[in-house]
Every structure is written in C-alpha cells, then in structure tokens.
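Here is the structure we will look at.
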Amino acid sequence: MLEETIKGYIIKRLFLLLPLLLGITLLTFSLTKALPGDPALSLVGERTSPEVIESIRRELHTDQNFFVQYLCYIRLLLKGEFGRSYYTNRKVLYDLMNKFPNTLLLAFGAMLVAVPVGISLGFVSAMRRGTAVDRGISSLSVLGISLPVFWSGLLIMLFLSLKLRLLPPSGMGDWRFLIMPAITLSLPALATLTRISRTTLIDLLDLPYVRTARAMGIREYKVKGIHVFKNALIPLVTVVGLDFGSYLNGAVLTETIFGWDGIGRFAMDGIIKRDYPVIIGCIIVGTVMYVFINLLVDIFYHYFDPRVRLYSDNG
Amino acid sequence: MVKIILSVLVVIILSSILAPLISPFNPEEINLDELKQSPSLRHPLGTDNKGRDILSRILYGGRISISVAISAAVLSMGIGLMVGLFAGYVGGKIDTSIMLVVDLILAFPSLLLAIGISVILPPGIYTVMIAIASVGWASFARIIRGNVVSYREAPFIEAARAMGCSHTRTLLIHLLPQCLPLVVVMMGLRLGGYILTEASLSFLGLGAQPPMPSWGSMVSAHRVFIVSAPWMVVFPGLAIAVTSLCFNMLGDALRDRFGLKITG
C-alpha cells in the first residue's frame, strides 16, 4: 500500500517536471532567438563548414512558425546538439560533460563542510538559546549570508595560500586544491543551515512530545540528542537539497576565483567572450541539474516522513 | 541594536547620496603619479592601479550598488504584491496556474536566470535591476498570496463584501493593509541578498560598465593585485559585506518585531 503511494507520487512528480523542463527550454530557445545574427550560426559557430550550417538551418526550420521551430530545437537538444563554442569550435556538450564532474566534486566538498558544521552550530545555538553562545553563533550566521562569495574567497586565498603558503592558490590537482574553493562555496550554505536548524530545533523543543519525554524522566541530553534531533533532520535534509541552487550560483563565482575547471568557470568564460552557445549550454545543464536534485529531495522527504505522505494525498 | 544598524545604514546611504560633495577626488580621474598607493592621509583607502582614489570610487560605487538593489527590491515587491494579491483573492484555477509560474521561477537557480537575462539585454545597471526583479517577484508573490488566502475568508472581509464593497475596494482598502507588515519585513530580508546579487553580476561584468565604479566590478577588476595591493580588493568587498549585513540584520529585527515567521 505504502509502496504504491510512493510510486504514484514519483510518477506525479515526474509529470510535474514536464512544464518545468518546457519552461527552461522555452527560455533558452528565446535566448537563442533573441541573440543578434543567424540562430543556426549561433548554434554551431561561424567556423563550421557551410554544409553543417545548412543542415542545422534545415533542422531548425527557420522558415516555419515559432512553435515548429521550438519543437525542432528540442529535438536538437535531445540529440545532444548544444552547439559549438565560437572560440574553440569544440562541441559545448563535450566540454560540459568533462567539466560537470569537477563542479559536482566541488559541490559535494562544500556540502561536506556545510552540513555537519551548520547543523551542529544550529543545534548548539538552539540548546543554549538566549545565551552569549547563541547570540555569537547567530551573529556569525548573519555575517555568513552577507559576505559576497567572491570576496571571502579572495581573502581566504590571500591568507591561507599567499601569506601562510599552506595550500596552492588556484588550479586543479590533488585534494589540497579542493580545500579552499570548497570552504568558500560552503560559507553561505553553512550560514543558512545554521539559521534554519536553530529555528527548526527551537520550534520542536516547544512541542508536547518533548515535554512528555521529559516528564517520563528521560535524561535531558537524550531528549535533545535523540528525540528532538531525529525529528529535526527531515526538514533539514530538504533545506540541504534546496540549497543546491545556491551552490550552483556560488560555483560560477568560486570556480572563477580559484581557477577550478568546472561548469561555473566555463559559464564565466562564456560570458566574458560573449560565447553564447557556451552560456546557454551552461544554463540548460545547471537548471536541469537543479530541478532533478529538487525532485530527489522531494522523493526522499516523501519517503521518510509519513506525515507528508498522508497530507499530500489529500491535496 | 536596531538603532546601531539603522545609523550605520543611514551613514552608508547618506554618504552615497552626498558622494559628489564629500568624496575627496574625482572617482574616474586617472592619476599616473599615484599608482597603487597604500592607504595614507591623502588617500585614506589607497589608490588603484590607475591612480584613482579608492574611497571616492567606493562612495560613488555605493550610489550604483544601493540604488540598483533598492530599485530591484521595489520592482520585485510591486510585481509580487500585485500578482500575490490577485492570485490569492481570485483563487481557483487562475490561482493554481499563476502559482505554477511562480514555482517555475523559484525552481531556477537565480543567478543563472539573471545571467540568462543579462545575455539578451546589453550589460548595465538597468539590466541588473530587471534581472534581479524578474526572479525576485516570485518569492514576494508566493508569501503575499499565502497571506491573502489566510484572510480571504475572514469575517471582516465578509463584512466588507456584505456592505457592498467592490472587489477592487476590498482588495485595496481591506486586504492590502494586512499585507503591509509582511511586505516591509520581506523588503528588509531581501535587500541584503539583492546587494549581493548586484555585486555578483557586476563582478561577472554584467552590471555597471567601466569607468563607472560599482563595488562588485572593483573587486573583479582588482583581484589580480590581491597580493601586491590588497586594499584595492579588501575595501570595496568590505563595503558590500557591511551594507548587506546591515540590511539582513534590519530584516531580522523587523521580522522579530512583527512576530512573523519567514525564513531567508
């Protein structure tokens, strides 16, 4: 019975993905249309052979109406035809595939810092509500969401690498290259997570079941550590997942500063050179990745919290 | 605490408005005799690689950064308020489809969408405003709509309708005031983020174009000098951080004052 509702839910969610994906592609298609010059040229680059341009032009059906053109565009995308870079003349998809794992590695590195540190700080803050510790952590977390990533990254680089010479300043290589960009990227997410886990825990501490647990004589550290913490984890997982968007936003800036060879820096290079196929390719891959991670988070949430399962079936 | 935050904000905003009167140098004047000077009495925050006074550039840059963030916030709020009020009041299928669009926009990573918009429009401050607002209105709309829905069936709205108020009057005179505290708090909470988004877009070269100074583009242009002349990077970034911090703290304080629960 439960198994079936989850299956049904996943199918429902996959169905809801359709308008989202349509929205994304419609946006990028409009971008392609809005660009100056020939859309076929902007898709493949000017250095391509005339036959290829002619065939793309035929596939785009530039003589047909908007709707037909859009359908043809989607067919091209499904074939993996994201166009070629104006500058390197390499397929955008090829570069995206190469750089994607690097961005993923960076994002997971950042998560590895943000999730344990953020949740523990929020936990400590909630347990010591109203004390100097709480105020200190809360102030730090406001500071965390206020710092521009590109600036805090540069400062971290200045101190850890250029002054203290502990780590390599930028580039790709072994794990030591990952530390600074991962810490930089984690800062805003860490701060958000601290704030949210603090409020979540404080809300839970006021609930009747906590009072019951205390009245039953369960030791305070067990009440907080087990009963409250376990219930706080589910909403926090959602936050961690939803925050993935901020990792993608931050990746553009962080990767640029630290010379990390991921999608973010690829996008930045594209912006600087006005390399439109690259920019659009990055937008498509970034948003699609984000949407799918949201979906996974939702399914996880649905699976682990029976209350959500019940309520969402009613509406 | 709120008083301290407010006074810092007033100082920042006033010094940006009064930049032409109080800044010691012309922010765009290149002086080849004073390249990359460290902070001194003559140049309290030093000079950049073209000999321009950093303090003057930060003061002028503040005009751009703050006014862009505030305009973007007002624009987002205006659109979000209209959409949220309408969707919440009308309800039904129209409401559902409007909220689908809102969710669609909220599902995009905001900076990527803003980058997309900045690609179509030529880079500049108006593009940044439009880019921020075209993403930002959705979160306003969602929260305001939720608020309207919670009041739609309230007795005082029923009473207003029974007394013969038109829909427009009910919306504007009776429902709108219920949303105002929420709107004020949201503005405070969002402004800090918009300062950062403006700075990020400028950092990426999509915002104010040189020689016009803006905080984000100053950090971007000077980051190669981080070792030889750290003040060129530290001070503009500090301006962004302090301004954003003040708005965020103000937003938090307002939220606690009104006893509202909004995250982020």
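Chain labels follow the order of the structure tokens: the first chain is A, the next B, and so on; residue numbering restarts at 1 in every chain, and ligands are counted from 1 in their shown order.
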
> Please, which residues of chain B lie no more than 6 Å from chain A when the count uses only C-alpha atoms, and can they be set out as an NGL selection string?
Replying inline: :B and (104 or 108-109 or 111 or 196 or 237 or 241 or 244-245)

> When DSSP works through the backbone of this structure, what residues of stretch 11-220 of chain B end up as helix (DSSP H, G or I), shown as an NGL selection string?
Replying inline: :B and (11-17 or 19-22 or 54-90 or 92-106 or 110-120 or 125-152 or 155-162 or 167-203 or 215-220)

Residues as selected, C-alpha atoms, written as a short mmCIF file (atom, residue, chain, number, x, y, z; two decimals), in the first residue's frame, can you do that?
data_model
loop_
_atom_site.label_atom_id
_atom_site.label_comp_id
_atom_site.auth_asym_id
_atom_site.auth_seq_id
_atom_site.Cartn_x
_atom_site.Cartn_y
_atom_site.Cartn_z
CA VAL B 11 25.57 56.82 7.14
CA ILE B 12 26.15 54.46 4.19
CA ILE B 13 23.16 55.72 2.24
CA LEU B 14 23.77 59.40 3.01
CA SER B 15 27.44 59.20 2.07
CA SER B 16 26.46 57.60 -1.23
CA ILE B 17 23.88 60.27 -1.95
CA ALA B 19 29.22 61.40 -2.85
CA PRO B 20 29.74 64.38 -5.20
CA LEU B 21 30.05 66.71 -2.18
CA ILE B 22 32.15 64.65 0.20
CA ILE B 54 39.55 54.10 -3.75
CA LEU B 55 37.48 55.98 -1.14
CA SER B 56 35.93 58.20 -3.82
CA ARG B 57 35.24 55.21 -6.01
CA ILE B 58 33.58 53.35 -3.12
CA LEU B 59 31.40 56.38 -2.32
CA TYR B 60 30.30 56.69 -5.95
CA GLY B 61 30.04 52.91 -6.30
CA GLY B 62 27.61 52.90 -3.38
CA ARG B 63 25.22 55.08 -5.36
CA ILE B 64 25.06 52.41 -8.05
CA SER B 65 25.02 49.33 -5.81
CA ILE B 66 22.46 50.61 -3.31
CA SER B 67 20.15 52.28 -5.80
CA VAL B 68 20.14 49.22 -8.05
CA ALA B 69 19.37 46.94 -5.09
CA ILE B 70 16.59 49.20 -3.79
CA SER B 71 15.01 49.69 -7.23
CA ALA B 72 15.15 45.95 -7.82
CA ALA B 73 13.51 45.36 -4.44
CA VAL B 74 10.76 47.91 -5.12
CA LEU B 75 10.17 46.44 -8.57
CA SER B 76 10.05 42.87 -7.20
CA MET B 77 7.78 43.95 -4.38
CA GLY B 78 5.42 45.83 -6.72
CA ILE B 79 5.02 42.95 -9.15
CA GLY B 80 4.92 40.36 -6.37
CA LEU B 81 2.31 42.33 -4.43
CA MET B 82 0.03 42.70 -7.45
CA VAL B 83 0.36 39.08 -8.51
CA GLY B 84 0.07 37.76 -4.94
CA LEU B 85 -3.00 39.85 -4.10
CA PHE B 86 -4.72 38.92 -7.35
CA ALA B 87 -3.93 35.21 -7.22
CA GLY B 88 -4.83 34.87 -3.56
CA TYR B 89 -8.09 36.79 -3.91
CA VAL B 90 -9.31 35.19 -7.12
CA GLY B 92 -9.35 28.61 -8.17
CA LYS B 93 -7.75 27.64 -11.46
CA ILE B 94 -6.30 31.09 -12.13
CA ASP B 95 -4.56 30.99 -8.76
CA THR B 96 -3.21 27.50 -9.41
CA SER B 97 -1.78 28.41 -12.79
CA ILE B 98 -0.22 31.64 -11.54
CA MET B 99 1.41 29.75 -8.70
CA LEU B 100 2.73 27.20 -11.18
CA VAL B 101 4.58 30.01 -12.93
CA VAL B 102 5.84 31.28 -9.57
CA ASP B 103 7.14 27.83 -8.66
CA LEU B 104 8.72 27.57 -12.08
CA ILE B 105 10.71 30.72 -11.42
CA LEU B 106 11.56 29.75 -7.86
CA SER B 110 18.54 32.70 -9.54
CA LEU B 111 22.00 33.76 -10.65
CA LEU B 112 21.86 31.54 -13.73
CA LEU B 113 18.50 33.04 -14.71
CA ALA B 114 19.84 36.53 -14.11
CA ILE B 115 22.84 35.66 -16.29
CA GLY B 116 20.46 34.48 -19.00
CA ILE B 117 18.59 37.77 -18.90
CA SER B 118 21.79 39.78 -18.91
CA VAL B 119 22.75 37.92 -22.06
CA ILE B 120 19.77 39.22 -24.05
CA ILE B 125 22.59 48.83 -14.32
CA TYR B 126 19.07 48.61 -15.78
CA THR B 127 19.74 45.09 -16.94
CA VAL B 128 20.79 44.15 -13.42
CA MET B 129 17.60 45.66 -11.98
CA ILE B 130 15.45 43.76 -14.47
CA ALA B 131 17.43 40.56 -13.95
CA ILE B 132 17.03 40.70 -10.16
CA ALA B 133 13.37 41.71 -10.28
CA SER B 134 12.37 39.11 -12.86
CA VAL B 135 13.48 36.43 -10.40
CA GLY B 136 12.71 38.30 -7.19
CA TRP B 137 8.98 38.99 -7.66
CA ALA B 138 8.18 35.29 -7.37
CA SER B 139 9.13 34.96 -3.70
CA PHE B 140 7.15 38.11 -2.84
CA ALA B 141 4.14 36.81 -4.76
CA ARG B 142 4.23 33.45 -3.01
CA ILE B 143 4.32 34.83 0.52
CA ILE B 144 1.77 37.59 -0.11
CA ARG B 145 -0.58 35.16 -1.80
CA GLY B 146 -0.36 32.88 1.25
CA ASN B 147 -1.23 35.81 3.47
CA VAL B 148 -4.20 36.86 1.30
CA VAL B 149 -5.55 33.30 1.27
CA SER B 150 -5.44 33.21 5.06
CA TYR B 151 -7.52 36.41 5.25
CA ARG B 152 -9.85 35.78 2.33
CA PRO B 155 -15.16 37.82 8.97
CA PHE B 156 -14.04 41.38 8.27
CA ILE B 157 -13.67 40.63 4.58
CA GLU B 158 -17.10 39.02 4.50
CA ALA B 159 -18.48 42.06 6.31
CA ALA B 160 -16.85 44.38 3.79
CA ARG B 161 -18.33 42.41 0.91
CA ALA B 162 -21.77 42.32 2.62
CA HIS B 167 -13.74 43.66 -5.32
CA THR B 168 -11.20 46.40 -6.01
CA ARG B 169 -12.12 48.21 -2.81
CA THR B 170 -11.99 45.02 -0.75
CA LEU B 171 -8.57 44.25 -2.18
CA LEU B 172 -7.03 47.67 -1.83
CA ILE B 173 -8.64 49.01 1.36
CA HIS B 174 -9.16 45.84 3.37
CA LEU B 175 -6.70 43.19 2.22
CA LEU B 176 -3.70 45.27 1.18
CA PRO B 177 -3.10 46.77 4.66
CA GLN B 178 -2.99 43.25 6.11
CA CYS B 179 -0.03 42.53 3.84
CA LEU B 180 1.97 45.66 4.60
CA PRO B 181 3.95 44.42 7.64
CA LEU B 182 4.85 41.33 5.65
CA VAL B 183 5.95 43.48 2.72
CA VAL B 184 8.15 45.68 4.90
CA VAL B 185 9.84 42.68 6.53
CA MET B 186 10.33 40.95 3.18
CA MET B 187 11.92 44.08 1.72
CA GLY B 188 14.40 44.20 4.60
CA LEU B 189 15.19 40.50 4.31
CA ARG B 190 15.62 40.60 0.54
CA LEU B 191 17.65 43.80 0.25
CA GLY B 192 20.77 42.23 1.74
CA GLY B 193 20.57 39.45 -0.83
CA TYR B 194 19.95 41.89 -3.68
CA ILE B 195 23.06 43.86 -2.70
CA LEU B 196 24.98 40.59 -3.07
CA THR B 197 23.32 39.67 -6.37
CA GLU B 198 24.06 43.11 -7.80
CA ALA B 199 27.67 42.77 -6.65
CA SER B 200 27.92 39.26 -8.14
CA LEU B 201 26.53 40.35 -11.52
CA SER B 202 28.89 43.34 -11.54
CA PHE B 203 31.73 41.02 -10.58
CA TRP B 215 31.58 47.62 -5.69
CA GLY B 216 31.41 44.26 -7.43
CA SER B 217 33.30 45.36 -10.51
CA MET B 218 36.00 46.98 -8.35
CA VAL B 219 36.71 43.64 -6.63
CA SER B 220 36.65 41.91 -10.01
#

>> Could you tell me how far atom CA of A:Gly173 sits from atom CA of A:Leu106, in Å to one decimal place?
In response: 12.4 Å

> Using only C-alpha atoms, which residues sit within 10 Å of A:Thr103 once same-chain residues fewer than 3 positions away are excluded, as a list of chain:residue names?
Replying inline: A:Asn98, A:Lys99, A:Phe100, A:Leu106, A:Ala107, A:Phe108, A:Gly109, A:Tyr247, A:Leu248, A:Ala251, A:Val252, A:Glu255, A:Trp260, A:Asp261, A:Gly262, A:Ile263, A:Gly264, A:Arg265
